[in-house]
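Asker: Contents are mmCIF, C-alpha atoms; file name work-v8.cif:
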```
data_coords
#
loop_
_atom_site.label_atom_id
_atom_site.label_comp_id
_atom_site.auth_asym_id
_atom_site.auth_seq_id
_atom_site.Cartn_x
_atom_site.Cartn_y
_atom_site.Cartn_z
CA MET A 206 103.32 53.47 64.18
CA LYS A 207 105.68 50.90 62.73
CA ALA A 208 103.98 47.80 64.20
CA LEU A 209 100.66 48.76 62.62
CA GLU A 210 102.23 49.62 59.25
CA GLU A 211 104.07 46.31 59.18
CA ARG A 212 100.90 44.44 60.07
CA ILE A 213 98.96 46.19 57.29
CA ARG A 214 101.73 45.31 54.81
CA ARG A 215 101.69 41.69 55.98
CA ASP A 216 97.96 41.00 56.42
CA GLY A 217 96.11 43.82 54.66
CA ILE A 218 94.53 43.03 51.31
CA VAL A 219 94.13 45.69 48.62
CA ARG A 220 91.01 45.36 46.47
CA GLU A 221 89.70 47.20 43.46
CA GLY A 222 88.46 50.73 44.15
CA ASN A 223 91.07 51.56 46.79
CA VAL A 224 89.54 49.14 49.27
CA LEU A 225 91.93 48.04 52.02
CA LYS A 226 90.72 44.94 53.83
CA VAL A 227 92.08 44.56 57.35
CA ASP A 228 89.41 42.20 58.58
CA SER A 229 91.90 39.63 59.87
CA PHE A 230 93.14 41.92 62.66
CA ILE A 231 91.04 45.11 62.91
CA ASN A 232 87.38 44.99 61.95
CA HIS A 233 86.07 41.43 61.90
CA GLN A 234 88.72 39.46 63.74
CA MET A 235 90.37 41.79 66.25
CA ASP A 236 93.96 41.44 67.49
CA ILE A 237 93.63 42.79 71.02
CA GLY A 238 97.41 42.74 71.62
CA LEU A 239 97.86 45.07 68.66
CA PHE A 240 95.02 47.26 69.97
CA GLU A 241 96.90 47.55 73.28
CA GLU A 242 100.03 48.74 71.49
CA MET A 243 97.90 51.28 69.61
CA ALA A 244 96.27 52.41 72.87
CA LYS A 245 99.68 52.98 74.47
CA GLU A 246 100.76 55.04 71.47
CA TRP A 247 97.67 57.26 71.70
CA LYS A 248 98.24 57.61 75.46
CA ARG A 249 101.68 58.98 74.65
CA LEU A 250 100.44 61.23 71.82
CA PHE A 251 97.60 62.72 73.88
CA ALA A 252 99.55 62.94 77.15
CA GLY A 253 98.51 65.82 79.39
CA LYS A 254 95.07 66.24 77.82
CA PRO A 255 92.20 66.11 80.33
CA ILE A 256 90.40 63.26 78.54
CA ASN A 257 87.53 61.81 80.58
CA LYS A 258 85.63 59.87 77.90
CA ILE A 259 86.22 57.93 74.70
CA LEU A 260 83.65 58.40 71.92
CA THR A 261 83.30 56.04 68.98
CA ILE A 262 80.65 54.74 66.60
CA GLU A 263 79.31 51.25 66.16
CA ALA A 264 80.35 48.71 65.21
CA SER A 265 84.00 48.40 64.25
CA GLY A 266 85.23 51.28 66.43
CA ILE A 267 83.98 49.72 69.63
CA GLY A 268 86.70 47.10 70.16
CA ILE A 269 89.55 49.56 69.71
CA ALA A 270 87.77 52.15 71.85
CA ALA A 271 87.30 49.65 74.70
CA VAL A 272 91.02 48.85 74.79
CA VAL A 273 91.94 52.55 74.56
CA ALA A 274 89.50 53.39 77.37
CA ARG A 275 91.17 50.83 79.60
CA GLU A 276 94.54 52.48 78.94
CA PHE A 277 93.14 55.94 79.76
CA GLY A 278 91.01 54.70 82.70
CA VAL A 279 87.81 56.30 81.37
CA PRO A 280 84.46 55.05 80.01
CA VAL A 281 83.49 54.64 76.35
CA VAL A 282 80.35 55.96 74.74
CA PHE A 283 79.50 54.56 71.34
CA ALA A 284 77.15 56.42 68.99
CA LYS A 285 74.42 54.20 67.60
CA LYS A 286 73.24 53.89 64.04
CA SER A 287 69.49 54.19 63.87
CA LYS A 288 67.21 53.27 61.00
CA SER A 289 64.75 56.08 61.63
CA ILE A 290 65.05 59.56 63.02
CA ASN A 291 64.68 59.40 66.75
CA LEU A 292 62.53 62.40 67.55
CA ASP A 293 62.58 62.08 71.31
CA ASN A 294 64.36 64.66 73.38
CA ASP A 295 66.71 62.15 75.01
CA ASN A 296 69.28 61.94 72.20
CA TYR A 297 71.51 64.09 70.09
CA CYS A 298 71.09 63.07 66.47
CA THR A 299 73.11 63.59 63.30
CA LYS A 300 73.24 62.11 59.82
CA ILE A 301 76.21 60.20 58.44
CA GLN A 302 76.62 59.19 54.84
CA SER A 303 78.22 55.79 54.39
CA TYR A 304 79.87 55.39 51.01
CA THR A 305 80.72 51.79 51.84
CA HIS A 306 77.07 50.89 52.38
CA GLY A 307 75.57 53.45 49.99
CA ARG A 308 73.15 54.95 52.46
CA ILE A 309 72.61 57.65 55.06
CA TYR A 310 72.34 56.70 58.71
CA ASP A 311 70.81 58.62 61.55
CA VAL A 312 73.32 58.40 64.37
CA ILE A 313 72.39 59.09 67.96
CA VAL A 314 73.99 59.48 71.34
CA SER A 315 72.07 59.84 74.59
CA LYS A 316 72.15 63.31 76.14
CA LYS A 317 72.86 61.57 79.46
CA PHE A 318 76.26 60.32 78.28
CA LEU A 319 77.67 63.34 76.46
CA THR A 320 77.56 66.68 78.28
CA LYS A 321 79.36 70.00 78.37
CA GLU A 322 81.58 68.68 81.17
CA ASP A 323 83.05 66.02 78.87
CA HIS A 324 86.55 66.16 77.34
CA VAL A 325 86.38 63.63 74.58
CA LEU A 326 88.89 61.54 72.66
CA ILE A 327 87.25 60.23 69.49
CA ILE A 328 88.48 56.81 68.33
CA ASP A 329 87.72 55.00 65.08
CA ASP A 330 89.28 52.36 62.88
CA PHE A 331 89.25 54.18 59.52
CA LEU A 332 89.34 57.73 58.20
CA ALA A 333 88.67 58.25 54.48
CA ASN A 334 86.28 61.01 53.41
CA GLY A 335 85.63 61.98 57.02
CA CYS A 336 81.84 61.60 57.00
CA ALA A 337 81.69 59.48 60.16
CA LEU A 338 84.05 61.81 62.04
CA MET A 339 82.13 64.92 60.97
CA GLY A 340 79.00 63.28 62.36
CA LEU A 341 80.71 62.49 65.67
CA LEU A 342 82.06 66.07 65.88
CA ASP A 343 78.52 67.32 65.27
CA LEU A 344 77.26 65.21 68.20
CA VAL A 345 80.03 66.53 70.47
CA GLU A 346 79.23 70.10 69.46
CA SER A 347 75.50 69.56 70.10
CA ALA A 348 76.38 68.40 73.61
CA GLY A 349 78.68 71.38 74.23
CA ALA A 350 81.49 68.93 75.03
CA THR A 351 85.15 69.49 74.18
CA VAL A 352 87.07 67.44 71.60
CA GLU A 353 90.57 66.86 72.95
CA GLY A 354 91.66 64.85 69.96
CA ILE A 355 90.95 62.13 67.44
CA GLY A 356 92.75 58.80 67.21
CA ILE A 357 92.43 56.82 63.98
CA ALA A 358 93.99 53.46 63.25
CA ILE A 359 94.25 53.78 59.46
CA GLU A 360 93.86 57.00 57.47
CA LYS A 361 93.53 56.96 53.71
CA GLY A 362 95.80 59.94 53.09
CA PHE A 363 94.68 60.23 49.48
CA GLN A 364 91.12 61.04 50.53
CA ARG A 365 90.12 64.38 51.97
CA GLY A 366 88.95 63.47 55.49
CA GLY A 367 92.31 63.98 57.21
CA ASP A 368 92.81 67.43 55.70
CA LEU A 369 89.29 68.51 56.65
CA ILE A 370 89.87 67.53 60.28
CA ARG A 371 93.36 69.05 60.51
CA GLN A 372 92.07 72.35 59.04
CA LYS A 373 89.76 72.58 62.03
CA GLY A 374 92.80 72.66 64.31
CA ILE A 375 91.93 69.38 65.98
CA GLN A 376 94.80 67.10 67.04
CA LEU A 377 94.37 64.11 64.75
CA GLU A 378 96.66 61.14 65.33
CA SER A 379 96.38 58.48 62.64
CA LEU A 380 98.69 55.58 63.48
CA ALA A 381 99.11 54.60 59.82
CA ILE A 382 98.47 56.91 56.87
CA VAL A 383 98.21 55.17 53.52
CA GLU A 384 99.42 57.47 50.74
CA SER A 385 98.84 55.00 47.96
CA MET A 386 98.17 51.35 47.39
CA SER A 387 97.83 49.02 44.46
CA GLU A 388 96.25 45.65 43.89
CA ASP A 389 99.65 44.03 43.43
CA GLY A 390 100.02 44.62 47.16
CA GLU A 391 102.27 47.67 47.27
CA ILE A 392 101.27 50.03 50.06
CA VAL A 393 103.04 53.35 50.62
CA PHE A 394 102.72 55.02 54.02
CA ARG A 395 103.20 58.70 54.82
CA GLU A 396 106.34 59.40 56.86
CA GLN A 397 105.36 60.56 60.36
CA MET B 205 78.69 38.27 90.49
CA LYS B 206 77.88 40.65 93.31
CA ALA B 207 79.52 43.76 91.81
CA LEU B 208 77.41 43.43 88.66
CA GLU B 209 74.19 42.74 90.57
CA GLU B 210 74.79 45.77 92.77
CA ARG B 211 75.49 47.93 89.74
CA ILE B 212 72.28 46.75 88.04
CA ARG B 213 70.30 47.54 91.21
CA ARG B 214 71.91 50.99 91.41
CA ASP B 215 71.96 52.10 87.78
CA GLY B 216 69.63 49.75 85.89
CA ILE B 217 66.22 51.12 84.92
CA VAL B 218 63.19 48.85 84.61
CA ARG B 219 60.70 49.82 81.92
CA GLU B 220 57.32 48.49 80.86
CA GLY B 221 57.38 45.11 79.13
CA ASN B 222 60.23 43.66 81.22
CA VAL B 223 62.78 45.97 79.63
CA LEU B 224 65.94 46.43 81.69
CA LYS B 225 67.96 49.45 80.58
CA VAL B 226 71.66 49.26 81.45
CA ASP B 227 72.82 51.80 78.91
CA SER B 228 74.75 53.86 81.46
CA PHE B 229 77.35 51.13 82.03
CA ILE B 230 76.92 48.22 79.56
CA ASN B 231 75.49 48.92 76.12
CA HIS B 232 75.74 52.61 75.24
CA GLN B 233 78.16 54.01 77.80
CA MET B 234 80.55 51.21 78.79
CA ASP B 235 82.27 50.95 82.19
CA ILE B 236 85.53 49.27 81.21
CA GLY B 237 86.62 48.78 84.83
CA LEU B 238 83.46 46.75 85.42
CA PHE B 239 84.11 44.80 82.21
CA GLU B 240 87.57 43.91 83.55
CA GLU B 241 86.06 42.53 86.76
CA MET B 242 83.61 40.50 84.64
CA ALA B 243 86.45 39.24 82.44
CA LYS B 244 88.41 38.05 85.50
CA GLU B 245 85.32 36.22 86.76
CA TRP B 246 84.87 34.42 83.43
CA LYS B 247 88.59 33.59 83.41
CA ARG B 248 88.06 31.87 86.76
CA LEU B 249 84.83 30.13 85.69
CA PHE B 250 86.31 28.81 82.43
CA ALA B 251 89.73 27.98 83.86
CA GLY B 252 91.42 25.03 82.17
CA LYS B 253 89.38 25.22 78.98
CA PRO B 254 91.49 25.44 75.79
CA ILE B 255 89.86 28.68 74.61
CA ASN B 256 91.67 30.27 71.66
CA LYS B 257 89.05 32.69 70.40
CA ILE B 258 86.22 34.90 71.67
CA LEU B 259 83.11 35.08 69.48
CA THR B 260 80.47 37.78 69.84
CA ILE B 261 77.95 39.66 67.72
CA GLU B 262 77.81 43.33 66.87
CA ALA B 263 77.31 45.77 68.34
CA SER B 264 76.90 45.75 72.10
CA GLY B 265 78.82 42.50 72.65
CA ILE B 266 82.01 43.85 71.13
CA GLY B 267 83.22 46.02 74.01
CA ILE B 268 82.83 43.28 76.61
CA ALA B 269 84.37 40.72 74.25
CA ALA B 270 87.43 42.92 73.67
CA VAL B 271 88.12 43.21 77.40
CA VAL B 272 87.52 39.47 77.91
CA ALA B 273 89.85 38.65 75.01
CA ARG B 274 92.61 40.70 76.65
CA GLU B 275 92.18 38.71 79.87
CA PHE B 276 92.37 35.39 77.94
CA GLY B 277 95.13 36.58 75.58
CA VAL B 278 93.21 35.55 72.45
CA PRO B 279 91.59 37.37 69.49
CA VAL B 280 87.92 38.30 69.11
CA VAL B 281 85.75 37.59 66.11
CA PHE B 282 82.47 39.46 65.93
CA ALA B 283 79.63 38.20 63.75
CA LYS B 284 78.19 40.88 61.51
CA LYS B 285 74.57 41.75 60.90
CA SER B 286 73.90 41.93 57.21
CA LYS B 287 70.93 43.47 55.48
CA SER B 288 70.84 40.95 52.67
CA ILE B 289 71.77 37.33 52.35
CA ASN B 290 75.42 37.10 51.47
CA LEU B 291 75.53 34.33 48.92
CA ASP B 292 79.27 34.22 48.44
CA ASN B 293 81.23 31.23 49.63
CA ASP B 294 83.44 33.23 51.96
CA ASN B 295 81.06 33.41 54.91
CA TYR B 296 78.98 31.24 57.17
CA CYS B 297 75.49 32.71 57.40
CA THR B 298 72.58 32.29 59.79
CA LYS B 299 69.37 34.13 60.61
CA ILE B 300 68.65 35.76 63.93
CA GLN B 301 65.29 37.12 64.97
CA SER B 302 65.50 40.31 67.00
CA TYR B 303 62.42 40.86 69.15
CA THR B 304 63.81 44.20 70.30
CA HIS B 305 63.98 45.51 66.74
CA GLY B 306 61.11 43.44 65.32
CA ARG B 307 63.04 42.00 62.40
CA ILE B 308 65.18 39.15 61.18
CA TYR B 309 68.86 39.70 60.49
CA ASP B 310 71.20 37.70 58.35
CA VAL B 311 74.33 37.27 60.43
CA ILE B 312 77.65 36.30 58.92
CA VAL B 313 81.14 35.32 59.94
CA SER B 314 84.02 34.85 57.56
CA LYS B 315 85.13 31.26 57.01
CA LYS B 316 88.69 32.50 57.43
CA PHE B 317 88.15 33.42 61.07
CA LEU B 318 86.15 30.48 62.39
CA THR B 319 87.49 27.00 61.66
CA LYS B 320 87.38 23.49 63.02
CA GLU B 321 90.59 24.19 64.93
CA ASP B 322 88.87 26.87 67.04
CA HIS B 323 87.80 26.46 70.66
CA VAL B 324 85.39 29.28 71.19
CA LEU B 325 84.10 31.22 74.18
CA ILE B 326 80.94 33.08 73.17
CA ILE B 327 80.39 36.42 74.95
CA ASP B 328 77.34 38.67 74.87
CA ASP B 329 75.72 41.32 77.03
CA PHE B 330 72.18 39.89 77.28
CA LEU B 331 70.44 36.53 77.14
CA ALA B 332 66.64 36.53 76.99
CA ASN B 333 64.90 34.23 74.49
CA GLY B 334 68.25 32.96 73.20
CA CYS B 335 67.78 33.83 69.52
CA ALA B 336 71.13 35.58 69.16
CA LEU B 337 73.00 32.75 70.93
CA MET B 338 71.29 30.08 68.86
CA GLY B 339 72.47 31.93 65.75
CA LEU B 340 76.04 32.12 67.04
CA LEU B 341 75.96 28.41 67.94
CA ASP B 342 74.74 27.70 64.41
CA LEU B 343 77.73 29.61 62.98
CA VAL B 344 80.16 27.70 65.23
CA GLU B 345 78.59 24.40 64.17
CA SER B 346 78.80 25.35 60.49
CA ALA B 347 82.52 25.96 60.96
CA GLY B 348 83.04 22.68 62.81
CA ALA B 349 84.51 24.65 65.72
CA THR B 350 84.08 23.70 69.39
CA VAL B 351 82.07 25.77 71.87
CA GLU B 352 83.94 25.72 75.19
CA GLY B 353 81.37 27.90 76.93
CA ILE B 354 79.16 30.96 76.89
CA GLY B 355 79.60 34.03 79.07
CA ILE B 356 76.64 36.39 79.45
CA ALA B 357 76.57 39.58 81.48
CA ILE B 358 72.83 39.65 82.24
CA GLU B 359 70.41 36.76 81.78
CA LYS B 360 66.67 37.26 82.03
CA GLY B 361 65.97 34.09 84.01
CA PHE B 362 62.23 34.34 83.39
CA GLN B 363 62.72 33.89 79.64
CA ARG B 364 63.56 30.58 78.07
CA GLY B 365 66.99 31.22 76.52
CA GLY B 366 69.05 30.11 79.51
CA ASP B 367 67.18 26.80 79.85
CA LEU B 368 67.52 26.09 76.12
CA ILE B 369 71.29 26.57 76.28
CA ARG B 370 71.78 24.59 79.49
CA GLN B 371 69.73 21.70 78.07
CA LYS B 372 72.34 21.44 75.33
CA GLY B 373 74.96 20.70 77.99
CA ILE B 374 76.93 23.86 77.25
CA GLN B 375 78.64 25.60 80.17
CA LEU B 376 76.71 28.87 80.43
CA GLU B 377 77.96 31.44 82.92
CA SER B 378 75.63 34.39 83.34
CA LEU B 379 77.13 36.85 85.81
CA ALA B 380 73.72 38.16 86.87
CA ILE B 381 70.43 36.29 86.41
CA VAL B 382 67.32 38.42 86.85
CA GLU B 383 64.44 36.30 88.18
CA SER B 384 61.95 39.13 88.29
CA MET B 385 61.79 42.88 88.12
CA SER B 386 59.16 45.53 88.51
CA GLU B 387 58.82 49.12 87.43
CA ASP B 388 59.04 50.35 91.02
CA GLY B 389 62.67 49.32 90.77
CA GLU B 390 62.66 46.00 92.61
CA ILE B 391 64.99 43.47 90.94
CA VAL B 392 65.34 39.92 92.23
CA PHE B 393 68.44 37.94 91.22
CA ARG B 394 68.81 34.17 91.16
CA GLU B 395 71.10 32.84 93.88
CA GLN B 396 74.28 31.45 92.30
#
```
Just dump the structure as structure tokens.

Answerer:
Amino acid sequence: MKALEERIRRDGIVREGNVLKVDSFINHQMDIGLFEEMAKEWKRLFAGKPINKILTIEASGIGIAAVVAREFGVPVVFAKKSKSINLDNDNYCTKIQSYTHGRIYDVIVSKKFLTKEDHVLIIDDFLANGCALMGLLDLVESAGATVEGIGIAIEKGFQRGGDLIRQKGIQLESLAIVESMSEDGEIVFREQ
Amino acid sequence: MKALEERIRRDGIVREGNVLKVDSFINHQMDIGLFEEMAKEWKRLFAGKPINKILTIEASGIGIAAVVAREFGVPVVFAKKSKSINLDNDNYCTKIQSYTHGRIYDVIVSKKFLTKEDHVLIIDDFLANGCALMGLLDLVESAGATVEGIGIAIEKGFQRGGDLIRQKGIQLESLAIVESMSEDGEIVFREQ
């Protein structure tokens, strides 16, 4: 999506270790007008799919998911990061490794809000190694729900997450795929 | 706001210790249509104020804030909970006690995204003892920004947070104020 790529080129900041900071418009300050353009693009890309729920994970996915859910006219469920394993029977639970924060989270979603009747569009801001998405897919599978697709704002195409997801045959729509970037500010996007 | 009060009566669950669970439509599963009605109500209540930014705190405030920001046509900034004091000079930092989670969080916002030019509407899902709001007000004050008002979905009127905020002379608009509730399901709202 050209508008997102241009915005990343203009306002994204590349840091050592292949870190791409987009906190001025995506994951600290949020440009809701841009999110609406992204939502419209996903609506087009997932047209005809019987999506009845948006699934995301706290915290930075929630804002995008809310705007996407408005476009699709469906509710959002956000998976919650938990500090300790929740052993009750009310939640589906999975583990997600965060390389950014150097720890493993237990992530839960209530059984009440994800069921085998649900046709889910998963939304998140970033896809790199795919750990967060694999965790969300695990939750969806536990619930017996159907994944209709995955919408990602920014995919790091040089990490393996995108390939892992596409090999599963899931429709993955990343609106900007970064092929390479350097600290002098050059960012190369995959042609889509 | 009648629609919110009715929804709380219908789908809210009262638990021991004055806990009000609204996770089916506010803070786990999110009813975006309801959030839009709430956003329109806040737009009416804060009409004429020069609001240029919505401020909230992760995680459950973000979804509501995103929908409100769309209605106002402004960006959102969400304050981040941090596990350790961030001693760099890039962020404003405050401490917020969470009674729900029994701990104290460091909460940060980047100096880039909150400045003395900003006229802020603070949005959050709950107001009880006011700890989270006091922390957000502290961040706004650190930045030299102006608080134009505070919009809360559900205020627990029997806790002291609402009074503390109103005593400061800040326009606080809670769309539903619970005066009392009991585990047999009876919920009494303050007349507004």

Asker: For this file, the PyMOL selection byres ((chain B) within 7 of (chain A)) selects which residues, as a ChimeraX atom specification?

Answerer: /B:232-236,262-263,266-267,270-271,273-274,279-282,317

Asker: How far is it from CA of Ile356 (chain B) to CA of Asp328 (chain B), in Å with one decimal?

Answerer: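 Distance between the two atoms: 5.2 Å.
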
Asker: Exactly which residues make up the result of the PyMOL selection byres ((chain A and resi 331-344) around 7) on this file, given as a ChimeraX atom specification?

Answerer: /A:297-302,329-330,345-348,357-361,364-367

Asker: Could you tell me which of A:Asp216, A:Asp295, A:Glu378, A:Glu221 comes closest to Phe251 (chain A) if we count all atoms listed in the file?

Answerer: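 For Phe251 (chain A), the nearest of the given residues is A:Glu378.
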
Asker: Report, in Å to a single decimal, how far apart CA of Tyr304 (chain A) and CA of Ser287 (chain A) are.

Answerer: 16.6 Å

Asker: Least-squares fit on all C-alpha atoms, paired in order: put chain A onto chain B and return it as a short mmCIF file (atom, residue, chain, number, x, y, z; two decimals) with C-alpha atoms, in the frame of the given file.

Answerer:
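File out_7.cif, as written:
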```cif
data_model
loop_
_atom_site.label_atom_id
_atom_site.label_comp_id
_atom_site.auth_asym_id
_atom_site.auth_seq_id
_atom_site.Cartn_x
_atom_site.Cartn_y
_atom_site.Cartn_z
CA MET A 206 78.69 38.25 90.51
CA LYS A 207 77.90 40.64 93.33
CA ALA A 208 79.53 43.75 91.79
CA LEU A 209 77.42 43.41 88.65
CA GLU A 210 74.20 42.74 90.59
CA GLU A 211 74.79 45.77 92.78
CA ARG A 212 75.49 47.92 89.74
CA ILE A 213 72.28 46.76 88.04
CA ARG A 214 70.32 47.55 91.23
CA ARG A 215 71.93 50.99 91.42
CA ASP A 216 71.96 52.10 87.77
CA GLY A 217 69.63 49.76 85.89
CA ILE A 218 66.23 51.11 84.91
CA VAL A 219 63.19 48.84 84.61
CA ARG A 220 60.71 49.81 81.90
CA GLU A 221 57.35 48.51 80.84
CA GLY A 222 57.41 45.11 79.12
CA ASN A 223 60.24 43.66 81.21
CA VAL A 224 62.79 45.97 79.62
CA LEU A 225 65.95 46.43 81.69
CA LYS A 226 67.97 49.44 80.59
CA VAL A 227 71.65 49.25 81.46
CA ASP A 228 72.82 51.78 78.92
CA SER A 229 74.74 53.85 81.47
CA PHE A 230 77.35 51.12 82.02
CA ILE A 231 76.91 48.22 79.56
CA ASN A 232 75.51 48.92 76.12
CA HIS A 233 75.74 52.60 75.24
CA GLN A 234 78.15 54.00 77.80
CA MET A 235 80.53 51.21 78.79
CA ASP A 236 82.27 50.95 82.18
CA ILE A 237 85.52 49.27 81.19
CA GLY A 238 86.61 48.76 84.83
CA LEU A 239 83.46 46.74 85.44
CA PHE A 240 84.10 44.80 82.21
CA GLU A 241 87.56 43.90 83.54
CA GLU A 242 86.06 42.52 86.74
CA MET A 243 83.60 40.51 84.64
CA ALA A 244 86.45 39.24 82.43
CA LYS A 245 88.39 38.06 85.49
CA GLU A 246 85.32 36.22 86.75
CA TRP A 247 84.86 34.41 83.43
CA LYS A 248 88.58 33.57 83.41
CA ARG A 249 88.06 31.87 86.75
CA LEU A 250 84.83 30.13 85.69
CA PHE A 251 86.29 28.80 82.43
CA ALA A 252 89.73 27.96 83.85
CA GLY A 253 91.43 25.01 82.18
CA LYS A 254 89.38 25.22 78.98
CA PRO A 255 91.49 25.44 75.81
CA ILE A 256 89.86 28.68 74.62
CA ASN A 257 91.68 30.25 71.66
CA LYS A 258 89.05 32.71 70.40
CA ILE A 259 86.23 34.90 71.67
CA LEU A 260 83.10 35.08 69.49
CA THR A 261 80.46 37.78 69.84
CA ILE A 262 77.95 39.67 67.73
CA GLU A 263 77.79 43.33 66.87
CA ALA A 264 77.31 45.80 68.32
CA SER A 265 76.89 45.74 72.08
CA GLY A 266 78.82 42.50 72.65
CA ILE A 267 82.00 43.84 71.13
CA GLY A 268 83.22 46.01 74.02
CA ILE A 269 82.83 43.27 76.61
CA ALA A 270 84.37 40.71 74.26
CA ALA A 271 87.43 42.92 73.66
CA VAL A 272 88.11 43.21 77.40
CA VAL A 273 87.53 39.48 77.92
CA ALA A 274 89.86 38.65 75.02
CA ARG A 275 92.60 40.71 76.62
CA GLU A 276 92.18 38.72 79.84
CA PHE A 277 92.36 35.40 77.96
CA GLY A 278 95.13 36.57 75.58
CA VAL A 279 93.20 35.56 72.44
CA PRO A 280 91.59 37.37 69.49
CA VAL A 281 87.91 38.31 69.12
CA VAL A 282 85.75 37.60 66.11
CA PHE A 283 82.48 39.46 65.93
CA ALA A 284 79.62 38.20 63.75
CA LYS A 285 78.18 40.89 61.52
CA LYS A 286 74.57 41.75 60.91
CA SER A 287 73.87 41.96 57.22
CA LYS A 288 70.87 43.48 55.50
CA SER A 289 70.81 40.96 52.67
CA ILE A 290 71.77 37.34 52.37
CA ASN A 291 75.41 37.13 51.49
CA LEU A 292 75.53 34.36 48.92
CA ASP A 293 79.27 34.25 48.46
CA ASN A 294 81.21 31.24 49.61
CA ASP A 295 83.44 33.23 51.97
CA ASN A 296 81.04 33.42 54.93
CA TYR A 297 78.98 31.25 57.18
CA CYS A 298 75.50 32.71 57.41
CA THR A 299 72.58 32.29 59.80
CA LYS A 300 69.37 34.12 60.60
CA ILE A 301 68.64 35.77 63.94
CA GLN A 302 65.29 37.12 64.98
CA SER A 303 65.49 40.31 67.00
CA TYR A 304 62.43 40.87 69.16
CA THR A 305 63.82 44.21 70.28
CA HIS A 306 63.99 45.51 66.71
CA GLY A 307 61.12 43.45 65.30
CA ARG A 308 63.04 42.01 62.39
CA ILE A 309 65.18 39.13 61.18
CA TYR A 310 68.85 39.69 60.49
CA ASP A 311 71.20 37.68 58.35
CA VAL A 312 74.33 37.26 60.44
CA ILE A 313 77.64 36.30 58.92
CA VAL A 314 81.13 35.33 59.96
CA SER A 315 84.02 34.86 57.56
CA LYS A 316 85.11 31.26 57.02
CA LYS A 317 88.69 32.51 57.43
CA PHE A 318 88.14 33.43 61.09
CA LEU A 319 86.14 30.48 62.40
CA THR A 320 87.49 27.00 61.65
CA LYS A 321 87.39 23.48 63.03
CA GLU A 322 90.60 24.19 64.96
CA ASP A 323 88.87 26.87 67.03
CA HIS A 324 87.81 26.45 70.68
CA VAL A 325 85.40 29.28 71.20
CA LEU A 326 84.11 31.22 74.18
CA ILE A 327 80.94 33.08 73.18
CA ILE A 328 80.40 36.42 74.94
CA ASP A 329 77.34 38.67 74.87
CA ASP A 330 75.72 41.31 77.02
CA PHE A 331 72.18 39.90 77.27
CA LEU A 332 70.44 36.53 77.16
CA ALA A 333 66.63 36.52 76.98
CA ASN A 334 64.91 34.23 74.47
CA GLY A 335 68.25 32.96 73.20
CA CYS A 336 67.78 33.82 69.52
CA ALA A 337 71.14 35.58 69.15
CA LEU A 338 73.00 32.77 70.94
CA MET A 339 71.30 30.07 68.86
CA GLY A 340 72.46 31.94 65.76
CA LEU A 341 76.04 32.13 67.05
CA LEU A 342 75.97 28.40 67.94
CA ASP A 343 74.74 27.70 64.41
CA LEU A 344 77.73 29.61 62.99
CA VAL A 345 80.15 27.70 65.23
CA GLU A 346 78.60 24.40 64.19
CA SER A 347 78.81 25.34 60.49
CA ALA A 348 82.52 25.98 60.97
CA GLY A 349 83.05 22.68 62.81
CA ALA A 350 84.52 24.64 65.73
CA THR A 351 84.09 23.71 69.39
CA VAL A 352 82.07 25.76 71.88
CA GLU A 353 83.93 25.73 75.19
CA GLY A 354 81.39 27.91 76.92
CA ILE A 355 79.17 30.96 76.90
CA GLY A 356 79.60 34.03 79.08
CA ILE A 357 76.64 36.38 79.46
CA ALA A 358 76.56 39.58 81.47
CA ILE A 359 72.83 39.65 82.24
CA GLU A 360 70.41 36.75 81.79
CA LYS A 361 66.67 37.25 82.01
CA GLY A 362 65.98 34.09 84.00
CA PHE A 363 62.24 34.35 83.39
CA GLN A 364 62.71 33.90 79.65
CA ARG A 365 63.56 30.58 78.08
CA GLY A 366 66.99 31.23 76.52
CA GLY A 367 69.05 30.10 79.51
CA ASP A 368 67.19 26.81 79.84
CA LEU A 369 67.52 26.09 76.12
CA ILE A 370 71.29 26.58 76.27
CA ARG A 371 71.78 24.60 79.50
CA GLN A 372 69.74 21.68 78.07
CA LYS A 373 72.35 21.42 75.34
CA GLY A 374 74.98 20.69 77.99
CA ILE A 375 76.93 23.85 77.26
CA GLN A 376 78.64 25.61 80.18
CA LEU A 377 76.72 28.87 80.43
CA GLU A 378 77.97 31.43 82.93
CA SER A 379 75.63 34.39 83.35
CA LEU A 380 77.13 36.85 85.82
CA ALA A 381 73.71 38.17 86.88
CA ILE A 382 70.43 36.31 86.42
CA VAL A 383 67.33 38.43 86.84
CA GLU A 384 64.46 36.32 88.18
CA SER A 385 61.96 39.14 88.29
CA MET A 386 61.78 42.88 88.12
CA SER A 387 59.16 45.55 88.48
CA GLU A 388 58.83 49.14 87.39
CA ASP A 389 59.03 50.35 90.98
CA GLY A 390 62.67 49.30 90.73
CA GLU A 391 62.68 45.99 92.59
CA ILE A 392 64.98 43.48 90.93
CA VAL A 393 65.34 39.92 92.22
CA PHE A 394 68.43 37.94 91.22
CA ARG A 395 68.80 34.16 91.16
CA GLU A 396 71.13 32.84 93.87
CA GLN A 397 74.29 31.43 92.27
#
```

Asker: Just the number, please: distance in Å from CA of Arg220 (chain A) to CA of Arg371 (chain A), one decimal.

Answerer: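 Separation of CA of Arg220 (chain A) and CA of Arg371 (chain A): 27.6 Å.
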
Asker: Which residues are close to Gly253 (chain A), i.e. within 12 Å by all atoms listed in the file, leaving aside same-chain residues fewer than 6 positions away? Reply as a list in words.

Answerer: Trp247, Phe277, Glu353 and Gly354 of chain A

Asker: Selected by the PyMOL selection byres ((chain A and resi 389) around 12) in the shown coordinates: which residues, as an NGL selection string?

Answerer: :A and (214 or 217-221 or 223 or 385-388 or 390-392)
